[in-house]
file work.cif (mmCIF, C-alpha atoms)
data_start
loop_
_atom_site.label_atom_id
_atom_site.label_comp_id
_atom_site.auth_asym_id
_atom_site.auth_seq_id
_atom_site.Cartn_x
_atom_site.Cartn_y
_atom_site.Cartn_z
CA MET U 1 14.60 -1.51 23.30
CA ASN U 2 13.82 2.01 24.50
CA PRO U 3 11.06 1.80 27.17
CA PHE U 4 9.09 4.63 25.57
CA ILE U 5 9.09 2.98 22.15
CA GLU U 6 8.16 -0.34 23.72
CA GLN U 7 5.23 1.35 25.45
CA VAL U 8 4.07 2.87 22.14
CA PHE U 9 4.21 -0.56 20.51
CA SER U 10 2.28 -2.03 23.42
CA ILE U 11 -0.45 0.60 23.09
CA LEU U 12 -0.86 -0.21 19.39
CA ASN U 13 -1.10 -3.92 20.17
CA THR U 14 -3.73 -3.77 22.90
CA ASN U 15 -7.27 -2.40 22.99
CA PRO U 16 -8.39 0.29 22.64
CA GLY U 17 -5.16 1.29 20.87
CA ASN U 18 -5.50 -1.74 18.62
CA LEU U 19 -8.92 -0.59 17.41
CA ALA U 20 -7.67 2.98 17.02
CA TYR U 21 -4.87 1.72 14.78
CA HIS U 22 -7.37 -0.06 12.53
CA LEU U 23 -9.60 2.99 12.42
CA VAL U 24 -6.72 5.29 11.45
CA LEU U 25 -5.71 3.05 8.56
CA ALA U 26 -9.32 2.57 7.49
CA PHE U 27 -9.88 6.33 7.41
CA SER U 28 -6.63 6.78 5.48
CA ALA U 29 -7.76 4.21 2.91
CA ALA U 30 -11.19 5.86 2.72
CA GLY U 31 -9.56 9.23 2.09
CA ALA U 32 -7.38 7.76 -0.64
CA LEU U 33 -10.44 6.15 -2.22
CA GLN U 34 -12.33 9.43 -2.19
CA ILE U 35 -9.44 11.24 -3.87
CA SER U 36 -9.18 8.45 -6.44
CA LEU U 37 -12.89 8.67 -7.21
CA LEU U 38 -12.71 12.43 -7.71
CA SER U 39 -9.68 12.05 -9.95
CA TRP U 40 -11.37 9.32 -11.97
CA ARG U 41 -14.55 11.34 -12.45
CA ASN U 42 -12.60 14.39 -13.58
CA ALA U 43 -10.11 12.62 -15.84
CA GLY U 44 -12.01 9.45 -16.71
CA SER U 45 -8.76 7.60 -17.42
CA SER U 46 -7.94 3.94 -16.91
CA HIS U 47 -5.28 5.15 -14.49
CA GLY U 48 -8.02 6.57 -12.29
CA GLY U 49 -9.96 3.32 -12.51
CA ARG U 50 -6.95 1.36 -11.27
CA LEU U 51 -6.54 3.75 -8.36
CA VAL U 52 -10.19 3.34 -7.43
CA LEU U 53 -9.90 -0.44 -7.58
CA GLY U 54 -6.69 -0.54 -5.56
CA THR U 55 -7.74 1.91 -2.87
CA GLY U 56 -11.17 0.29 -2.69
CA LEU U 57 -9.60 -3.09 -2.01
CA LEU U 58 -7.30 -1.52 0.57
CA LEU U 59 -10.29 -0.02 2.34
CA LEU U 60 -12.11 -3.35 2.26
CA VAL U 61 -9.11 -5.11 3.82
CA ARG U 62 -8.83 -2.49 6.57
CA LEU U 63 -12.56 -2.60 7.33
CA LEU U 64 -12.59 -6.39 7.53
CA LEU U 65 -9.58 -6.30 9.83
CA PHE U 66 -11.25 -3.68 12.02
CA VAL U 67 -14.38 -5.83 12.28
CA ALA U 68 -12.28 -8.88 13.14
CA ALA U 69 -10.42 -6.92 15.83
CA ALA U 70 -13.70 -5.63 17.26
CA PHE U 71 -15.17 -9.13 17.32
CA ALA U 72 -12.04 -10.44 19.03
CA TRP U 73 -12.30 -7.67 21.64
CA ILE U 74 -15.90 -8.47 22.55
CA GLY U 75 -15.31 -12.21 22.46
CA ILE U 76 -17.16 -13.21 19.30
CA LEU U 77 -13.90 -14.14 17.58
CA SER U 78 -11.09 -15.86 19.42
CA ILE U 79 -8.21 -13.44 19.86
CA SER U 80 -5.83 -16.32 19.21
CA ALA U 81 -7.06 -16.52 15.60
CA PHE U 82 -6.20 -12.91 14.89
CA PRO U 83 -2.36 -12.81 14.47
CA PRO U 84 -2.12 -14.82 11.22
CA ILE U 85 -5.09 -12.89 9.82
CA ASP U 86 -3.32 -9.65 10.71
CA ARG U 87 -0.10 -10.72 8.95
CA SER U 88 -2.00 -11.86 5.86
CA ALA U 89 -3.89 -8.57 5.65
CA THR U 90 -0.62 -6.67 5.93
CA LEU U 91 0.91 -8.69 3.11
CA PHE U 92 -2.13 -8.26 0.88
CA GLY U 93 -2.13 -4.54 1.61
CA LEU U 94 1.53 -4.34 0.62
CA VAL U 95 0.80 -6.09 -2.66
CA LEU U 96 -1.90 -3.51 -3.41
CA ILE U 97 0.30 -0.58 -2.40
CA VAL U 98 3.18 -1.78 -4.57
CA TRP U 99 0.77 -2.32 -7.46
CA LEU U 100 -0.68 1.17 -7.13
CA TRP U 101 2.70 2.88 -6.97
CA SER U 102 4.65 0.79 -9.46
CA ALA U 103 2.00 0.27 -12.14
CA PRO U 104 -0.33 3.29 -12.29
CA ALA U 105 -0.95 2.56 -15.97
CA ARG U 106 -2.14 -0.77 -17.31
CA SER U 107 0.70 -3.27 -17.60
CA ARG U 108 0.14 -6.95 -18.27
CA LEU U 109 3.49 -7.89 -16.72
CA ALA U 110 2.91 -5.86 -13.55
CA ASP U 111 -0.68 -7.06 -13.22
CA THR U 112 0.42 -10.68 -13.61
CA ALA U 113 3.13 -10.23 -10.99
CA VAL U 114 0.61 -8.76 -8.56
CA VAL U 115 -1.87 -11.58 -9.13
CA LEU U 116 0.88 -14.14 -8.48
CA MET U 117 1.93 -12.34 -5.29
CA ALA U 118 -1.68 -12.20 -4.14
CA LEU U 119 -2.05 -15.94 -4.72
CA LEU U 120 1.12 -16.56 -2.73
CA VAL U 121 -0.28 -14.43 0.10
CA LEU U 122 -3.52 -16.42 0.10
CA THR U 123 -1.60 -19.71 0.15
CA PHE U 124 0.65 -18.48 2.94
CA SER U 125 -2.38 -17.26 4.85
CA ALA U 126 -4.15 -20.61 4.64
CA LEU U 127 -1.05 -22.50 5.77
CA THR U 128 -0.28 -20.22 8.70
CA ILE U 129 -3.87 -20.10 9.92
CA ALA U 130 -4.02 -23.90 9.81
CA TRP U 131 -0.72 -24.18 11.70
CA TRP U 132 -1.63 -21.54 14.27
CA SER U 133 -5.01 -23.09 15.03
CA ALA U 134 -3.23 -26.24 16.18
CA GLN U 135 -0.90 -24.43 18.59
CA ASP U 136 -1.28 -23.79 22.29
CA ALA U 137 -3.45 -20.76 23.01
CA ASP U 138 -0.78 -19.29 25.30
CA LEU U 139 1.89 -19.22 22.59
CA ALA U 140 2.88 -15.74 21.39
CA TYR U 141 2.90 -15.32 17.61
CA ASN U 142 5.86 -12.96 17.53
CA SER U 143 9.14 -14.69 16.63
CA THR U 144 7.42 -17.86 15.44
CA TRP U 145 8.38 -19.15 12.01
CA PRO U 146 5.16 -17.88 10.35
CA ASP U 147 5.83 -14.42 11.78
CA PHE U 148 9.42 -14.51 10.55
CA LEU U 149 8.36 -15.65 7.08
CA ALA U 150 5.66 -12.98 6.96
CA GLN U 151 8.24 -10.26 7.60
CA VAL U 152 10.62 -11.68 5.01
CA PHE U 153 7.77 -11.98 2.51
CA ALA U 154 6.80 -8.37 3.22
CA LEU U 155 10.36 -7.16 2.68
CA LEU U 156 10.56 -9.04 -0.62
CA ILE U 157 7.34 -7.40 -1.80
CA ILE U 158 8.68 -4.00 -0.76
CA LEU U 159 12.00 -4.71 -2.49
CA TYR U 160 10.14 -5.53 -5.69
CA GLY U 161 8.28 -2.23 -5.42
CA VAL U 162 11.46 -0.25 -4.72
CA VAL U 163 13.24 -1.76 -7.72
CA VAL U 164 10.33 -1.17 -10.09
CA LEU U 165 9.78 2.38 -8.85
CA SER U 166 13.49 3.19 -9.14
CA ILE U 167 13.58 1.92 -12.71
CA LYS U 168 10.29 3.30 -14.03
CA ARG U 169 10.25 6.59 -12.08
CA SER U 170 6.63 7.24 -12.92
CA GLU U 171 4.75 10.24 -11.57
CA GLY U 172 5.02 10.49 -7.79
CA TRP U 173 7.61 7.72 -7.62
CA SER U 174 9.66 9.46 -4.92
CA THR U 175 6.64 9.61 -2.61
CA GLY U 176 5.95 5.94 -3.21
CA LEU U 177 9.59 5.12 -2.57
CA ALA U 178 9.56 6.99 0.74
CA CYS U 179 6.38 5.17 1.75
CA LEU U 180 7.89 1.77 0.97
CA ILE U 181 11.12 2.59 2.81
CA LEU U 182 9.14 3.56 5.91
CA LEU U 183 7.23 0.30 5.75
CA ALA U 184 10.47 -1.64 5.29
CA ILE U 185 11.92 -0.01 8.41
CA GLY U 186 8.90 -1.20 10.38
CA HIS U 187 9.26 -4.79 9.23
CA ILE U 188 13.02 -4.81 9.85
CA ALA U 189 12.51 -3.33 13.32
CA HIS U 190 9.97 -6.04 14.12
CA LEU U 191 12.39 -8.72 12.96
CA LEU U 192 15.20 -7.33 15.09
CA PHE U 193 13.16 -6.24 18.12
CA PRO U 194 9.96 -8.29 18.37
CA ILE U 195 7.86 -7.58 21.44
CA PRO U 196 8.28 -10.64 23.66
CA GLY U 197 5.07 -12.29 24.76
CA SER U 198 3.02 -10.40 22.16
CA SER U 199 1.36 -11.66 19.01
CA LEU U 200 1.12 -8.38 17.09
CA PRO U 201 3.87 -6.37 15.33
CA GLY U 202 4.01 -2.97 17.01
CA ALA U 203 6.87 -1.67 14.86
CA VAL U 204 5.05 -2.60 11.66
CA ARG U 205 1.88 -0.88 12.86
CA LEU U 206 3.73 2.31 13.76
CA ALA U 207 5.40 2.35 10.34
CA GLN U 208 2.06 1.83 8.61
CA MET U 209 0.57 4.80 10.43
CA ALA U 210 3.60 6.94 9.58
CA ALA U 211 3.52 5.94 5.91
#

call {"tool": "encode", "arguments": {"input": "work.cif", "output": "structure tokens"}}
result
Amino acid sequence: MNPFIEQVFSILNTNPGNLAYHLVLAFSAAGALQISLLSWRNAGSSHGGRLVLGTGLLLLVRLLLFVAAAFAWIGILSISAFPPIDRSATLFGLVLIVWLWSAPARSRLADTAVVLMALLVLTFSALTIAWWSAQDADLAYNSTWPDFLAQVFALLIILYGVVVLSIKRSEGWSTGLACLILLAIGHIAHLLFPIPGSSLPGAVRLAQMAA
């Protein structure tokens, strides 16, 4: 891997860069929520309500992750507990993003699919947290089987979103498609070039900030 890129990934994975990453995504989610609220107030449509719900949940996830990262930094939360939480939050965020882009209008089929994916994420999260808590504290999370499965799961969620967007081509679909492709590149890069000895996915984080 290019030394410069590896250094960028390392910055995003260690404090204070780690906290800065969470803040950037939290502010992005907050901005999206504000825009959604303004749109909903002006139009008053169910579409706007879905955007508010989705972006609100995204902001909540990012804020909770920021708090967890801050607690881990100051020693309140064990840093070893953070990697599976980070992967689960990423997966849940992807589910929300795909839902927002692929089903802006109410759709029972799309909503059911998203609920099922969210339940799978919660199940996966519980299993990986339980497994990780029993491992040696010195073990790096990158390249473990839960990390590998998390990336595959993420790519499957993205693939679902790409297929639905390509078929439905609703308003703004090309922007959503570009966003999902960027995120996919991050997950693929992490699969191919995981940072050895690290427990956080630098490539995924960089892609999230770019998207």

call {"tool": "resolve_selection", "arguments": {"input": "work.cif", "expression": "the PyMOL selection byres ((chain U and resi 173-183) around 12)", "output": "ChimeraX atom specification"}}
result
/U:90-91,93-104,151,154-172,184-190,203-211

call {"tool": "residues_around", "arguments": {"input": "work.cif", "residues": "Ile85 in chain U", "least_positions_apart": "6", "cutoff": "12 Å", "atoms": "all atoms listed in the file", "output": "PyMOL selection string"}}
result
chain U and resi 61-62+64-69+72+77-79+91-92+121-122+124-130+132-133+141+146-147+150+199-200

call {"tool": "closest_residue", "arguments": {"input": "work.cif", "among": "U:Thr123, U:Thr55, U:Ser10, U:Ser107", "to": "Ala30 in chain U", "atoms": "all atoms listed in the file"}}
result
U:Thr55

call {"tool": "atom_distance", "arguments": {"input": "work.cif", "atom1": "CA of Gly202 in chain U", "atom2": "CA of Tyr21 in chain U"}}
result
10.3 Å

call {"tool": "atom_distance", "arguments": {"input": "work.cif", "atom1": "CA of Gly17 in chain U", "atom2": "CA of Ser36 in chain U"}}
result
28.5 Å

call {"tool": "closest_residue", "arguments": {"input": "work.cif", "among": "U:Gly54, U:Ala20, U:Ile195, U:Leu12", "to": "Asp111 in chain U", "atoms": "all atoms listed in the file"}}
result
U:Gly54

call {"tool": "residues_around", "arguments": {"input": "work.cif", "residues": "Leu59 in chain U", "least_positions_apart": "6", "cutoff": "9 Å", "atoms": "all atoms listed in the file", "output": "PyMOL selection string"}}
result
chain U and resi 25-30+32-33

call {"tool": "atom_distance", "arguments": {"input": "work.cif", "atom1": "CA of Ala105 in chain U", "atom2": "CA of Phe153 in chain U"}}
result
25.1 Å

call {"tool": "closest_residue", "arguments": {"input": "work.cif", "among": "U:Pro84, U:Gly56, U:Pro201, U:Gly49", "to": "Trp131 in chain U", "atoms": "only C-alpha atoms"}}
result
U:Pro84

call {"tool": "axis_aligned_box", "arguments": {"input": "work.cif", "around": "range 105-114 of chain U", "padding_each_side": "6 Å", "output": "lines of an AutoDock Vina configuration file"}}
result
center_x = 0.7
center_y = -4.1
center_z = -13.4
size_x = 17.6
size_y = 25.2
size_z = 21.7

call {"tool": "decode", "arguments": {"input": "work.cif", "residues": "range 80-141 of chain U", "atoms": "C-alpha atoms", "output": "PDB file, in the first residue's frame"}}
result
ATOM      1  CA  SER U  80     -11.282  -3.274  22.700  1.00  0.00           C
ATOM      2  CA  ALA U  81     -15.096  -3.193  22.708  1.00  0.00           C
ATOM      3  CA  PHE U  82     -15.249  -0.547  20.007  1.00  0.00           C
ATOM      4  CA  PRO U  83     -14.445  -2.382  16.706  1.00  0.00           C
ATOM      5  CA  PRO U  84     -17.593  -4.558  16.506  1.00  0.00           C
ATOM      6  CA  ILE U  85     -19.710  -1.564  17.544  1.00  0.00           C
ATOM      7  CA  ASP U  86     -18.087   0.466  14.775  1.00  0.00           C
ATOM      8  CA  ARG U  87     -18.826  -2.207  12.151  1.00  0.00           C
ATOM      9  CA  SER U  88     -22.426  -2.559  13.317  1.00  0.00           C
ATOM     10  CA  ALA U  89     -22.982   1.196  13.170  1.00  0.00           C
ATOM     11  CA  THR U  90     -21.558   1.271   9.649  1.00  0.00           C
ATOM     12  CA  LEU U  91     -23.904  -1.502   8.546  1.00  0.00           C
ATOM     13  CA  PHE U  92     -26.935   0.135  10.130  1.00  0.00           C
ATOM     14  CA  GLY U  93     -25.981   3.435   8.522  1.00  0.00           C
ATOM     15  CA  LEU U  94     -25.759   1.725   5.137  1.00  0.00           C
ATOM     16  CA  VAL U  95     -29.225   0.254   5.593  1.00  0.00           C
ATOM     17  CA  LEU U  96     -30.589   3.730   6.297  1.00  0.00           C
ATOM     18  CA  ILE U  97     -28.739   5.296   3.363  1.00  0.00           C
ATOM     19  CA  VAL U  98     -29.985   2.642   0.949  1.00  0.00           C
ATOM     20  CA  TRP U  99     -33.513   3.067   2.298  1.00  0.00           C
ATOM     21  CA  LEU U 100     -33.408   6.832   1.857  1.00  0.00           C
ATOM     22  CA  TRP U 101     -32.084   6.687  -1.689  1.00  0.00           C
ATOM     23  CA  SER U 102     -33.981   3.675  -3.005  1.00  0.00           C
ATOM     24  CA  ALA U 103     -37.385   4.262  -1.407  1.00  0.00           C
ATOM     25  CA  PRO U 104     -38.042   8.004  -1.038  1.00  0.00           C
ATOM     26  CA  ALA U 105     -41.771   7.318  -1.296  1.00  0.00           C
ATOM     27  CA  ARG U 106     -43.644   4.883   0.908  1.00  0.00           C
ATOM     28  CA  SER U 107     -43.209   1.300  -0.266  1.00  0.00           C
ATOM     29  CA  ARG U 108     -44.278  -1.690   1.795  1.00  0.00           C
ATOM     30  CA  LEU U 109     -41.828  -3.988   0.006  1.00  0.00           C
ATOM     31  CA  ALA U 110     -38.867  -1.635   0.445  1.00  0.00           C
ATOM     32  CA  ASP U 111     -39.757  -0.896   4.061  1.00  0.00           C
ATOM     33  CA  THR U 112     -40.039  -4.609   4.831  1.00  0.00           C
ATOM     34  CA  ALA U 113     -36.675  -5.284   3.200  1.00  0.00           C
ATOM     35  CA  VAL U 114     -35.056  -2.546   5.268  1.00  0.00           C
ATOM     36  CA  VAL U 115     -36.569  -3.838   8.504  1.00  0.00           C
ATOM     37  CA  LEU U 116     -35.270  -7.332   7.720  1.00  0.00           C
ATOM     38  CA  MET U 117     -31.800  -5.977   6.950  1.00  0.00           C
ATOM     39  CA  ALA U 118     -31.820  -3.979  10.176  1.00  0.00           C
ATOM     40  CA  LEU U 119     -32.751  -7.099  12.145  1.00  0.00           C
ATOM     41  CA  LEU U 120     -29.919  -8.995  10.468  1.00  0.00           C
ATOM     42  CA  VAL U 121     -27.528  -6.196  11.424  1.00  0.00           C
ATOM     43  CA  LEU U 122     -28.676  -6.337  15.047  1.00  0.00           C
ATOM     44  CA  THR U 123     -28.255 -10.122  15.124  1.00  0.00           C
ATOM     45  CA  PHE U 124     -24.831  -9.884  13.525  1.00  0.00           C
ATOM     46  CA  SER U 125     -23.876  -7.159  15.982  1.00  0.00           C
ATOM     47  CA  ALA U 126     -24.860  -9.220  19.008  1.00  0.00           C
ATOM     48  CA  LEU U 127     -22.956 -12.268  17.756  1.00  0.00           C
ATOM     49  CA  THR U 128     -19.775 -10.386  16.898  1.00  0.00           C
ATOM     50  CA  ILE U 129     -19.733  -8.406  20.142  1.00  0.00           C
ATOM     51  CA  ALA U 130     -20.150 -11.639  22.099  1.00  0.00           C
ATOM     52  CA  TRP U 131     -17.353 -13.310  20.117  1.00  0.00           C
ATOM     53  CA  TRP U 132     -15.011 -10.326  20.345  1.00  0.00           C
ATOM     54  CA  SER U 133     -15.460  -9.943  24.098  1.00  0.00           C
ATOM     55  CA  ALA U 134     -14.040 -13.439  24.553  1.00  0.00           C
ATOM     56  CA  GLN U 135     -10.902 -12.770  22.493  1.00  0.00           C
ATOM     57  CA  ASP U 136      -7.461 -11.678  23.613  1.00  0.00           C
ATOM     58  CA  ALA U 137      -7.250  -7.912  24.111  1.00  0.00           C
ATOM     59  CA  ASP U 138      -4.143  -7.726  21.906  1.00  0.00           C
ATOM     60  CA  LEU U 139      -5.877  -9.231  18.871  1.00  0.00           C
ATOM     61  CA  ALA U 140      -6.458  -6.809  15.986  1.00  0.00           C
ATOM     62  CA  TYR U 141     -10.007  -6.823  14.611  1.00  0.00           C
TER      63      TYR U 141
END
